[in-house]
Amino acid sequence: MLFNSFKTRTLKKITEQSSLHRHIDQMSVEDCLRNINQEDAKVHKAVESVIPQISAFVEALSERVKNGGRLFYIGAGTSGRLGIVDASECPPTFGVPHGLVVGLIAGGDSAIRKAVEFAEDSSDQCWNDLLEHEINDTDTVVGIAASGTTPYVIGGLKRCNEHNILTACITCNPGSPLAEVSQHPIECVVGPEFITGSTRMKSGTAQKLILNMISTALMVQLGRVKDNKMVDMQLSNNKLVDRGTKMVMEALKIDYDKANALLMEHGSVRKAIEEG
(Lines give C-alpha, C1' and ligand atoms only; values in the text may rest on other atoms or scores of the structure.)
Protein backbone atom coordinates (compact mmCIF):
# COMPACT_ATOMS: atom_id res chain seq x y z
CA MET A 1 0.00 0.00 0.00
CA LEU A 2 1.36 3.44 -0.92
CA PHE A 3 1.15 6.31 1.54
CA ASN A 4 0.24 9.65 -0.06
CA SER A 5 -1.86 11.66 2.38
CA PHE A 6 -2.98 15.24 1.77
CA LYS A 7 -0.84 16.33 4.74
CA THR A 8 2.25 14.81 3.15
CA ARG A 9 1.57 16.44 -0.22
CA THR A 10 0.92 19.90 1.23
CA LEU A 11 3.56 20.03 3.99
CA LYS A 12 5.90 22.98 3.56
CA LYS A 13 9.23 21.20 3.69
CA ILE A 14 12.09 23.36 4.90
CA THR A 15 14.41 20.54 3.79
CA GLU A 16 13.29 21.13 0.19
CA GLN A 17 13.47 24.93 0.17
CA SER A 18 15.94 26.62 -2.14
CA SER A 19 19.50 26.97 -0.91
CA LEU A 20 20.49 30.32 0.56
CA HIS A 21 23.52 30.22 -1.76
CA ARG A 22 23.31 31.04 -5.45
CA HIS A 23 25.64 30.27 -8.36
CA ILE A 24 27.36 27.48 -6.48
CA ASP A 25 28.59 26.12 -9.78
CA GLN A 26 30.64 29.31 -10.25
CA MET A 27 32.29 29.31 -6.80
CA SER A 28 35.97 28.61 -6.28
CA VAL A 29 36.74 25.42 -4.37
CA GLU A 30 37.65 27.38 -1.24
CA ASP A 31 34.51 29.52 -1.37
CA CYS A 32 32.41 26.40 -1.86
CA LEU A 33 33.99 24.75 1.18
CA ARG A 34 33.68 27.86 3.35
CA ASN A 35 30.00 28.19 2.49
CA ILE A 36 29.36 24.53 3.27
CA ASN A 37 31.11 25.05 6.61
CA GLN A 38 29.02 28.16 7.25
CA GLU A 39 25.86 26.09 6.82
CA ASP A 40 27.22 23.22 8.92
CA ALA A 41 27.83 25.65 11.80
CA LYS A 42 24.05 26.05 12.10
CA VAL A 43 23.57 22.37 12.96
CA HIS A 44 25.01 22.64 16.49
CA LYS A 45 22.44 25.21 17.61
CA ALA A 46 19.60 23.29 15.99
CA VAL A 47 20.56 20.12 17.88
CA GLU A 48 21.02 22.06 21.12
CA SER A 49 17.46 23.35 20.84
CA VAL A 50 16.00 19.82 20.93
CA ILE A 51 18.02 18.45 23.87
CA PRO A 52 14.92 18.54 26.15
CA GLN A 53 13.06 16.29 23.69
CA ILE A 54 16.04 13.96 23.34
CA SER A 55 16.41 13.79 27.12
CA ALA A 56 12.77 12.91 27.71
CA PHE A 57 13.02 10.15 25.12
CA VAL A 58 16.25 8.67 26.50
CA GLU A 59 14.74 8.57 30.00
CA ALA A 60 11.78 6.54 28.71
CA LEU A 61 13.99 4.39 26.46
CA SER A 62 16.46 3.53 29.24
CA GLU A 63 13.77 2.14 31.51
CA ARG A 64 12.49 -0.13 28.76
CA VAL A 65 15.95 -1.41 27.80
CA LYS A 66 16.78 -2.06 31.47
CA ASN A 67 13.67 -4.25 31.54
CA GLY A 68 14.73 -6.33 28.54
CA GLY A 69 13.62 -4.22 25.62
CA ARG A 70 15.55 -3.49 22.44
CA LEU A 71 16.09 -0.32 20.40
CA PHE A 72 15.26 -0.27 16.69
CA TYR A 73 16.11 2.44 14.17
CA ILE A 74 14.07 2.52 10.95
CA GLY A 75 14.74 4.68 7.91
CA ALA A 76 15.25 4.89 4.16
CA GLY A 77 18.26 6.06 2.16
CA THR A 78 20.73 8.21 4.11
CA SER A 79 18.53 8.15 7.22
CA GLY A 80 18.41 4.36 7.21
CA ARG A 81 22.17 4.10 6.73
CA LEU A 82 22.82 6.46 9.64
CA GLY A 83 20.67 4.28 11.90
CA ILE A 84 22.55 1.17 10.82
CA VAL A 85 25.91 2.84 11.48
CA ASP A 86 24.89 3.86 14.99
CA ALA A 87 23.45 0.43 15.80
CA SER A 88 26.50 -1.40 14.46
CA GLU A 89 28.86 0.61 16.67
CA CYS A 90 27.14 -0.28 19.95
CA PRO A 91 28.50 -3.85 20.40
CA PRO A 92 32.19 -3.04 19.77
CA THR A 93 32.11 0.24 21.67
CA PHE A 94 30.05 -0.77 24.69
CA GLY A 95 30.19 -4.58 24.69
CA VAL A 96 26.42 -5.03 24.41
CA PRO A 97 25.00 -8.02 22.52
CA HIS A 98 24.33 -7.78 18.81
CA GLY A 99 20.59 -7.34 18.52
CA LEU A 100 20.16 -4.94 21.44
CA VAL A 101 20.29 -2.02 19.00
CA VAL A 102 19.09 -2.82 15.48
CA GLY A 103 19.08 -0.67 12.34
CA LEU A 104 16.62 -1.41 9.53
CA ILE A 105 16.64 0.23 6.10
CA ALA A 106 13.94 0.25 3.44
CA GLY A 107 14.96 -2.21 0.74
CA GLY A 108 16.96 -4.45 3.08
CA ASP A 109 20.70 -4.84 3.46
CA SER A 110 21.40 -4.31 -0.24
CA ALA A 111 20.13 -0.74 0.18
CA ILE A 112 23.02 0.05 2.53
CA ARG A 113 25.36 0.45 -0.45
CA LYS A 114 23.01 0.96 -3.39
CA ALA A 115 19.64 2.71 -3.55
CA VAL A 116 16.65 0.41 -4.02
CA GLU A 117 14.04 2.14 -6.16
CA PHE A 118 10.70 2.88 -4.49
CA ALA A 119 11.58 0.81 -1.40
CA GLU A 120 10.64 3.71 0.88
CA ASP A 121 7.20 4.15 -0.68
CA SER A 122 5.46 1.19 0.98
CA SER A 123 3.76 1.97 4.29
CA ASP A 124 3.41 -1.76 5.08
CA GLN A 125 6.92 -3.12 4.53
CA CYS A 126 8.53 -1.70 7.66
CA TRP A 127 6.16 -3.58 9.95
CA ASN A 128 6.94 -6.78 8.05
CA ASP A 129 10.65 -6.11 8.54
CA LEU A 130 10.13 -5.53 12.27
CA LEU A 131 8.13 -8.75 12.59
CA GLU A 132 11.14 -10.66 11.28
CA HIS A 133 12.89 -9.52 14.47
CA GLU A 134 9.91 -10.58 16.62
CA ILE A 135 9.20 -6.99 17.66
CA ASN A 136 7.15 -6.77 20.87
CA ASP A 137 5.79 -4.25 23.35
CA THR A 138 8.99 -4.15 25.42
CA ASP A 139 10.86 -2.67 22.45
CA THR A 140 11.34 0.90 21.23
CA VAL A 141 11.41 2.13 17.63
CA VAL A 142 12.91 5.38 16.35
CA GLY A 143 11.86 6.53 12.89
CA ILE A 144 14.48 8.57 11.04
CA ALA A 145 13.42 10.73 8.08
CA ALA A 146 14.71 14.21 7.29
CA SER A 147 11.53 15.01 5.36
CA GLY A 148 9.18 13.53 7.94
CA THR A 149 7.10 12.11 5.08
CA THR A 150 8.70 8.76 4.26
CA PRO A 151 5.88 6.16 4.00
CA TYR A 152 8.12 3.25 5.11
CA VAL A 153 8.90 5.05 8.37
CA ILE A 154 5.45 6.55 9.01
CA GLY A 155 3.74 3.22 8.39
CA GLY A 156 6.17 1.45 10.69
CA LEU A 157 5.58 3.82 13.59
CA LYS A 158 1.81 3.70 13.12
CA ARG A 159 1.82 -0.07 13.50
CA CYS A 160 4.15 0.16 16.49
CA ASN A 161 1.74 2.53 18.22
CA GLU A 162 -1.07 0.05 17.62
CA HIS A 163 0.98 -2.61 19.43
CA ASN A 164 1.96 -0.47 22.46
CA ILE A 165 5.57 -0.09 21.34
CA LEU A 166 7.35 3.11 22.40
CA THR A 167 8.01 5.34 19.37
CA ALA A 168 10.16 8.35 18.59
CA CYS A 169 11.35 10.11 15.47
CA ILE A 170 14.16 12.32 14.21
CA THR A 171 13.07 14.70 11.46
CA CYS A 172 14.16 18.08 10.11
CA ASN A 173 10.75 19.46 9.11
CA PRO A 174 8.35 20.82 11.77
CA GLY A 175 4.77 19.58 11.87
CA SER A 176 5.38 16.55 9.69
CA PRO A 177 3.20 13.42 9.42
CA LEU A 178 6.05 11.46 11.01
CA ALA A 179 6.08 13.68 14.10
CA GLU A 180 2.31 13.26 14.40
CA VAL A 181 2.64 9.48 14.77
CA SER A 182 5.61 9.63 17.16
CA GLN A 183 5.20 9.57 20.92
CA HIS A 184 8.54 11.38 21.25
CA PRO A 185 9.02 13.62 18.19
CA ILE A 186 12.47 15.19 17.83
CA GLU A 187 12.16 17.91 15.21
CA CYS A 188 15.60 19.37 14.50
CA VAL A 189 15.18 22.17 11.96
CA VAL A 190 18.50 23.02 10.30
CA GLY A 191 17.16 25.12 7.41
CA PRO A 192 17.62 24.71 3.66
CA GLU A 193 20.55 22.61 2.50
CA PHE A 194 23.63 24.07 0.79
CA ILE A 195 22.66 22.09 -2.30
CA THR A 196 18.89 22.39 -2.50
CA GLY A 197 17.23 19.24 -1.12
CA SER A 198 20.49 17.36 -0.42
CA THR A 199 19.52 16.17 3.04
CA ARG A 200 22.63 14.00 3.35
CA MET A 201 24.31 17.30 4.31
CA LYS A 202 23.02 19.38 7.27
CA SER A 203 20.01 17.17 7.95
CA GLY A 204 22.16 14.05 7.88
CA THR A 205 24.72 15.65 10.18
CA ALA A 206 22.00 16.61 12.67
CA GLN A 207 20.55 13.10 12.57
CA LYS A 208 23.99 11.58 13.17
CA LEU A 209 24.63 13.85 16.15
CA ILE A 210 21.26 13.02 17.69
CA LEU A 211 21.78 9.29 17.17
CA ASN A 212 25.18 9.60 18.88
CA MET A 213 23.48 11.32 21.79
CA ILE A 214 20.70 8.76 22.10
CA SER A 215 22.88 5.66 22.02
CA THR A 216 25.69 7.10 24.15
CA ALA A 217 23.35 8.42 26.83
CA LEU A 218 21.53 5.08 26.80
CA MET A 219 24.77 3.16 27.31
CA VAL A 220 25.76 5.46 30.17
CA GLN A 221 22.39 4.75 31.80
CA LEU A 222 22.99 1.02 31.34
CA GLY A 223 26.31 1.28 33.22
CA ARG A 224 28.45 0.66 30.15
CA VAL A 225 30.72 3.64 30.89
CA LYS A 226 32.94 3.93 33.98
CA ASP A 227 34.09 7.48 34.72
CA ASN A 228 34.75 8.54 31.11
CA LYS A 229 35.93 5.19 29.74
CA MET A 230 34.24 2.56 27.56
CA VAL A 231 35.31 -0.26 29.86
CA ASP A 232 33.23 -2.92 28.09
CA MET A 233 34.59 -2.32 24.58
CA GLN A 234 35.49 -5.37 22.52
CA LEU A 235 39.23 -5.98 22.24
CA SER A 236 38.99 -6.67 18.52
CA ASN A 237 42.25 -5.16 17.25
CA ASN A 238 45.68 -4.04 18.44
CA LYS A 239 44.63 -0.40 18.75
CA LEU A 240 41.83 -1.29 21.14
CA VAL A 241 44.05 -3.65 23.13
CA ASP A 242 46.53 -0.81 23.52
CA ARG A 243 43.76 1.58 24.56
CA GLY A 244 42.43 -0.93 27.05
CA THR A 245 45.89 -1.55 28.47
CA LYS A 246 46.34 2.16 29.11
CA MET A 247 42.95 2.31 30.84
CA VAL A 248 44.03 -0.48 33.18
CA MET A 249 47.40 1.23 33.75
CA GLU A 250 45.67 4.46 34.75
CA ALA A 251 43.08 2.82 36.98
CA LEU A 252 45.47 0.50 38.86
CA LYS A 253 48.60 2.67 38.71
CA ILE A 254 50.72 -0.14 37.25
CA ASP A 255 53.11 -0.36 34.30
CA TYR A 256 52.15 -1.21 30.73
CA ASP A 257 53.28 -4.86 30.75
CA LYS A 258 51.42 -5.71 33.96
CA ALA A 259 48.31 -3.93 32.72
CA ASN A 260 48.46 -5.75 29.39
CA ALA A 261 48.87 -9.11 31.11
CA LEU A 262 45.84 -8.44 33.31
CA LEU A 263 43.79 -7.35 30.31
CA MET A 264 44.68 -10.48 28.36
CA GLU A 265 43.91 -12.67 31.38
CA HIS A 266 40.49 -11.20 32.07
CA GLY A 267 39.43 -10.28 28.52
CA SER A 268 37.94 -6.89 29.34
CA VAL A 269 38.96 -3.59 30.87
CA ARG A 270 36.19 -3.77 33.44
CA LYS A 271 37.17 -7.24 34.71
CA ALA A 272 40.88 -6.41 34.68
CA ILE A 273 40.26 -3.36 36.88
CA GLU A 274 37.78 -5.07 39.20
CA GLU A 275 39.76 -8.28 39.66
CA GLY A 276 43.30 -7.04 39.08
# chains A, B, ... in the order shown; residues from 1 in each chain; ligands from 1
>>> select_by_dssp(residues="segment 160-193 of chain A", states="helix (DSSP H, G or I)", output="list in words")
Cys160, Asn161, Glu162, Pro177, Leu178, Ala179 and Glu180 of chain A
>>> atom_distance(atom1="atom CA of Val101 of chain A", atom2="atom CA of Ala60 of chain A")
15.5 Å
>>> residues_around(residues="Gly107 of chain A", least_positions_apart="4", cutoff="7 Å", atoms="only C-alpha atoms", output="list in words")
Ala111, Val116 and Ala119 of chain A
>>> residues_around(residues="segment 12-25 of chain A", least_positions_apart="6", cutoff="10 Å", atoms="only C-alpha atoms", output="PyMOL selection string")
chain A and resi 31-32+35-36+39+146-149+171-176+189-199+202-203
